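Okay, so here's the structure we're looking at.
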Amino acid sequence: MKSLLSLPRRGAAKIVGLAISLLVRFLTAVRADWRGIEPVNKQRVYFANHVSNADMPMIWSCLPPNLRRDVRPVAAADYWLKNKLRAFVGPEVFNCVLVDRRPEARDAHHDPMQNILDALDDGSSLIIFPEGNRNMTDDPLLPFKAGLYNMGKARPDVDLVPTWVSNVTEIMPKGEVIPLPLICTVTFGEPIHVDDGEDKDAFLRRAENALVSLAPKDDRL
Amino acid sequence: MTSTDSEILGLFIGVCGLLIVLTLVGEVLSMRAGDNNPVVETFKTRVRSWWVIVILFTLALIAGKVGLLILTAFASFAALREFMTLTNKRRADHLSLALGFFVVLPLQYLFIGFGWQALFAVFIPVYVFLLLPIVSALRGNSDRFLIRVAETQWALMIAVFCVSHVPALLTLEFDGYPADRGVLLIAFLIMVVQFGDLLDFFFGRRIGKTQIIPGISAKTWEGMICGVVSASIIGGLLAWLTPFSMFGAMAMAALASTVGMFGNLVISAIKNDRGIKDWSHLIPGQGGFVDQLDSVIFAAPIFYHVTYLVWM
């Protein structure tokens with residue numbers, strides 16, 4: 001009975017998802033550059049730079065539909081549960097894995113890493129932003145948090161794919177309301193894995209470099 | 001069916017015949033060269049893109065003024081997006097750029113739709129030119145200010161003002177040339193410019209030796225001269241579409257084709273400066289809208305004004 005009632009809701013989530021991807025593609029003509037991998041259905045963790053709330057919908061929209069079906073963005077619970085609309089869009093349209101970022105929420109009942117590993121064990125691919133927060137600085141990346149390392153260590157078979165989203169700061173600078181329709185490119189690099197005996201910091205530096213190396217060079221002033 | 005419609009259909013059938021030949025050539029080439037030959041694949045993708053362009057453009061011509069305005073406004077939007085992606089900007093320009101996309105562009109096409117020539121001819125070069133920098137200046141960041149406002153203005157001139165002069169041809173009225181034939185004048189402009197480009201490319205490959213701007217563009221003097229002469233001959237053959245005399249049509253075709261080819265060189269210089277090969281990926285095999293339209297962009301305003309000054 002419960003699943004019968006939720007049918008229209010799931011239908012609505014599908015339609016909203018389609019509308020979002022069409023809107024994103026019409027406005028920014030978002031393009032995927034599969035530089036290091038093929039767009040095939042393989043379990044992956046796409047780890048990306050994060051400058052704006054538009055990053056996740058950009059990556060999500062440029063994935064082919066069969067990959068999009070199995071991908072779950074890892075997102076902050078405090079953001080996506082703030083109101084009813086967000087609670088519909090985040091968990092139901094994007095099928096987010098919600099994690100609580102507050103340290104005090106971490107206890108025996110709620111371990112954010114466990115939610116993420118459960119999603120991986122279900123066979124889902126993930127989109128994560130290992131900087132933890134939106135990057136408001138002029139540096140290309142903030143230092144990565146440990147999550148990516150812990151995932152790579154716990155599930156060594158999963159490909160960790162560096163994913164660079166370009167131009168989003170210009171499309172939607174923080175505090176602006178109207179997005180500019182500029183072209184956005186999402187570049188997928190060669191997958192990396194945690195090497196045997198590699199320590200956390202060395203791996204995180206390597207992951208950061210793999211991601212930054214995908215950024216297009218900018219000749220502008 | 002009006003006589004204009006049947007003439008559009010006649011042109012369409014002629015161009016389709018040509019595309020069918022090119023499609024067959026592509027199939028024969030890929031049978032000979034085997035699958036996955038990159039040159040042949042690019043040729044086939046380009047021919048496929050041409051099919052789409054020809055069909056869309058024909059539908060717009062048949063739909064008349066509104067259809068053409070929608071098609072060209074969309075092309076402007078896509079070209080402006082490609083151009084603005086590469087310009088220098090700061091957060092202080094956000095509002096002026098948003099106005100460019102969502103206010104200036106629709107207004108320009110609206111003015112053309114209403115036929116307000118006194119307005120659409122000066123709206124972007126005068127009003128927008130002066131007002132958008134004010135909006136940017138008020139936000140208080142003067143870092144590279146002149147470069148920012150100059151590039152924004154250039155983007156709007158190229159992608160909106162120039163492209164909008166294609167449908168603006170509909171606003172011209174000639175003695176003894178019914179108003180509904182204006183769409184045929186547009187077909188004339190597009191065909192002579194695009195065929196001139198294709199033949200420039202063909203002859204440039206065959207007999208081209210002297211590059212015009214070595215290192216920036218592959219265009220050669222030999223190819224360009226052959227292209228312009230061919231465009232002029234095609235213009236003479238298509239004179240029945242226009243209010244021009246036979247020699248007038250040849251001269252106008254040569255003028256549009258020459259301006260268009262030099263426009264292509266200007267666009268190549270910009271691409272070279274910004275380190276890109278194509279403006280985007282939106283037209284398979286051809287690159288972006290600016291790549292596809294560069295010669296039409298330069299030819300349209302000049303063609304419009306010379307037509308206005310000489311033939312009305």
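In the structure tokens, the first chain shown is A, the next is B, and so on; residue numbers restart at 1 for each chain, and ligands run from 1 in the order shown.
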
Do you have, as a Markdown table, the list of residues of chain A lying at most 8 Å from chain B, each with its nearest atom pair and that distance in Å to one decimal, counting only C-alpha atoms and ordered by chain then number?
```
| residue | atom | partner | partner_atom | distance |
| --- | --- | --- | --- | --- |
| A:Ala29 | CA | B:Leu282 | CA | 7.9 |
| A:Glu170 | CA | B:Arg91 | CA | 7.4 |
| A:Pro173 | CA | B:Arg91 | CA | 6.8 |
| A:Glu176 | CA | B:His94 | CA | 7.9 |
| A:Ile178 | CA | B:Ala98 | CA | 7.1 |
| A:Pro179 | CA | B:Ala98 | CA | 7.7 |
| A:Leu180 | CA | B:Ala98 | CA | 5.9 |
| A:Pro181 | CA | B:Arg81 | CA | 6.1 |
| A:Leu182 | CA | B:Thr85 | CA | 5.2 |
| A:Ile183 | CA | B:Thr85 | CA | 6.0 |
| A:Asp219 | CA | B:Arg274 | CA | 6.3 |
| A:Arg220 | CA | B:Asn88 | CA | 6.1 |
| A:Leu221 | CA | B:Asn88 | CA | 6.7 |
```

Q | region 231-238 of chain B surroundings by only C-alpha atoms, 6 Å radius, close-in-sequence under 3 positions cut, as an MDAnalysis selection string | A | chainID B and resid 192 196 228 241 246 249:250 253:254

(Q) For Gln108 (chain B), find every residue with an atom within 10 Å (counting only C-alpha atoms), except residues of its own chain fewer than 5 positions away, and show them as a PyMOL selection string. (A) chain B and resi 73+103+113+116+119-124+160-161+164

Save the residues we just selected, N, CA and C atoms, as a compact mmCIF listing (two decimals), in the first residue's frame?
```txt
# COMPACT_ATOMS: atom_id res chain seq x y z
N ALA B 73 16.95 34.67 -33.23
CA ALA B 73 17.13 35.06 -31.82
C ALA B 73 17.77 33.90 -31.06
N VAL B 103 17.57 40.96 -21.49
CA VAL B 103 16.82 42.17 -21.84
C VAL B 103 17.25 42.69 -23.22
N GLY B 113 11.08 42.99 -35.08
CA GLY B 113 9.75 42.45 -35.36
C GLY B 113 8.76 43.57 -35.64
N TRP B 116 10.93 48.83 -36.28
CA TRP B 116 11.35 50.17 -35.84
C TRP B 116 12.82 50.39 -36.18
N LEU B 119 15.19 52.60 -34.21
CA LEU B 119 15.57 52.10 -32.89
C LEU B 119 16.56 50.93 -33.00
N PHE B 120 16.24 49.92 -33.84
CA PHE B 120 17.12 48.74 -33.82
C PHE B 120 18.50 49.04 -34.41
N ALA B 121 18.60 50.10 -35.22
CA ALA B 121 19.91 50.43 -35.79
C ALA B 121 20.84 51.06 -34.77
N VAL B 122 20.29 51.70 -33.72
CA VAL B 122 21.15 52.39 -32.76
C VAL B 122 21.05 51.84 -31.34
N PHE B 123 20.13 50.93 -31.10
CA PHE B 123 19.89 50.47 -29.73
C PHE B 123 21.18 49.92 -29.09
N ILE B 124 21.82 48.96 -29.75
CA ILE B 124 23.04 48.37 -29.15
C ILE B 124 24.26 49.28 -29.33
N VAL B 160 24.52 39.70 -31.20
CA VAL B 160 23.14 40.16 -31.25
C VAL B 160 22.93 41.17 -32.39
N PHE B 161 23.67 42.27 -32.36
CA PHE B 161 23.45 43.31 -33.37
C PHE B 161 23.65 42.76 -34.78
N SER B 164 21.21 39.96 -35.84
CA SER B 164 19.83 40.45 -35.99
C SER B 164 19.63 41.16 -37.33
```

Q. Where in region 7-218 of chain A does DSSP assign strand (DSSP E), given as a PyMOL selection string?
A. chain A and resi 31-34+44-48+71-76+97-99+125-128+159-165+185-188

Q) Which of these, A:Ser166, A:Arg72, A:Pro191, A:His50, has the shortest distance to Lys217 (chain A) once you count only C-alpha atoms? A)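 Going through A:Ser166, A:Arg72, A:Pro191, A:His50 one by one, the smallest distance to Lys217 (chain A) is for A:Ser166.
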
Q) Val163 (chain B): which residues within 12 Å, counting only C-alpha atoms, same-chain residues fewer than 2 positions away excluded, as a ChimeraX atom specification? A) /B:68-69,71-80,105,108-109,112,155-161,165-169,186,190,289-290,292-304

Keeping only C-alpha atoms, write the selected residues as a JSON list (two decimals), in the first residue's frame.
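This is the output file result-v8.json:
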```json
[["chain", "number", "residue", "atom", "x", "y", "z"],
["B", 68, "LEU", "CA", 12.84, 33.72, -38.73],
["B", 69, "LEU", "CA", 12.87, 35.96, -35.67],
["B", 71, "LEU", "CA", 15.41, 31.02, -35.22],
["B", 72, "THR", "CA", 17.81, 33.98, -35.42],
["B", 73, "ALA", "CA", 17.13, 35.06, -31.82],
["B", 74, "PHE", "CA", 18.00, 31.53, -30.71],
["B", 75, "ALA", "CA", 21.18, 31.59, -32.82],
["B", 76, "SER", "CA", 22.04, 34.95, -31.22],
["B", 77, "PHE", "CA", 21.52, 33.49, -27.76],
["B", 78, "ALA", "CA", 23.78, 30.54, -28.49],
["B", 79, "ALA", "CA", 26.45, 32.76, -30.09],
["B", 80, "LEU", "CA", 26.33, 35.24, -27.20],
["B", 105, "LEU", "CA", 18.75, 40.41, -26.84],
["B", 108, "GLN", "CA", 16.61, 43.95, -30.25],
["B", 109, "TYR", "CA", 14.53, 41.20, -31.90],
["B", 112, "ILE", "CA", 13.06, 44.29, -35.59],
["B", 155, "ALA", "CA", 30.09, 40.24, -27.69],
["B", 156, "LEU", "CA", 26.74, 42.03, -28.00],
["B", 157, "MET", "CA", 27.66, 43.65, -31.33],
["B", 158, "ILE", "CA", 28.79, 40.36, -32.87],
["B", 159, "ALA", "CA", 26.24, 37.96, -31.45],
["B", 160, "VAL", "CA", 23.14, 40.16, -31.25],
["B", 161, "PHE", "CA", 23.45, 43.31, -33.37],
["B", 165, "HIS", "CA", 20.53, 42.13, -39.34],
["B", 166, "VAL", "CA", 19.56, 38.88, -41.05],
["B", 167, "PRO", "CA", 15.86, 39.19, -40.13],
["B", 168, "ALA", "CA", 16.18, 42.99, -40.37],
["B", 169, "LEU", "CA", 16.24, 42.52, -44.16],
["B", 186, "ILE", "CA", 17.52, 36.43, -46.73],
["B", 190, "ILE", "CA", 22.79, 33.09, -46.59],
["B", 289, "PHE", "CA", 27.35, 28.75, -33.55],
["B", 290, "VAL", "CA", 29.99, 31.47, -33.90],
["B", 292, "GLN", "CA", 29.14, 28.34, -38.25],
["B", 293, "LEU", "CA", 27.93, 31.92, -38.51],
["B", 294, "ASP", "CA", 31.13, 33.98, -38.54],
["B", 295, "SER", "CA", 30.92, 35.03, -42.18],
["B", 296, "VAL", "CA", 27.17, 35.69, -42.04],
["B", 297, "ILE", "CA", 27.73, 37.77, -38.89],
["B", 298, "PHE", "CA", 30.07, 40.13, -40.73],
["B", 299, "ALA", "CA", 28.20, 40.10, -44.02],
["B", 300, "ALA", "CA", 24.66, 40.75, -42.72],
["B", 301, "PRO", "CA", 24.92, 44.39, -41.45],
["B", 302, "ILE", "CA", 26.96, 45.50, -44.48],
["B", 303, "PHE", "CA", 24.60, 43.74, -46.88],
["B", 304, "TYR", "CA", 21.65, 45.34, -45.12]]
```

Q. Which of these, A:Ser52, A:Ser6, A:Thr137, A:Ser61, has the shortest distance to Gly175 (chain A) once you count only C-alpha atoms?
A. A:Ser52

(Q) Let's see if you can do this: from backbone DSSP, list all alpha helix (DSSP H) residues in region 79-212 of chain B, as a PyMOL selection string. (A) chain B and resi 79-85+94-99+105-113+117-120+129-138+145-156+163-168+182-207

Q.
Let me make sure I understand: among A:Ile59, A:Leu7, A:Ile20, A:Val194, which one has the smallest atom-to-atom distance to Pro156 (chain A) if we use only C-alpha atoms?
A.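 Of A:Ile59, A:Leu7, A:Ile20, A:Val194, the one nearest Pro156 (chain A), counting only C-alpha atoms, is A:Val194.
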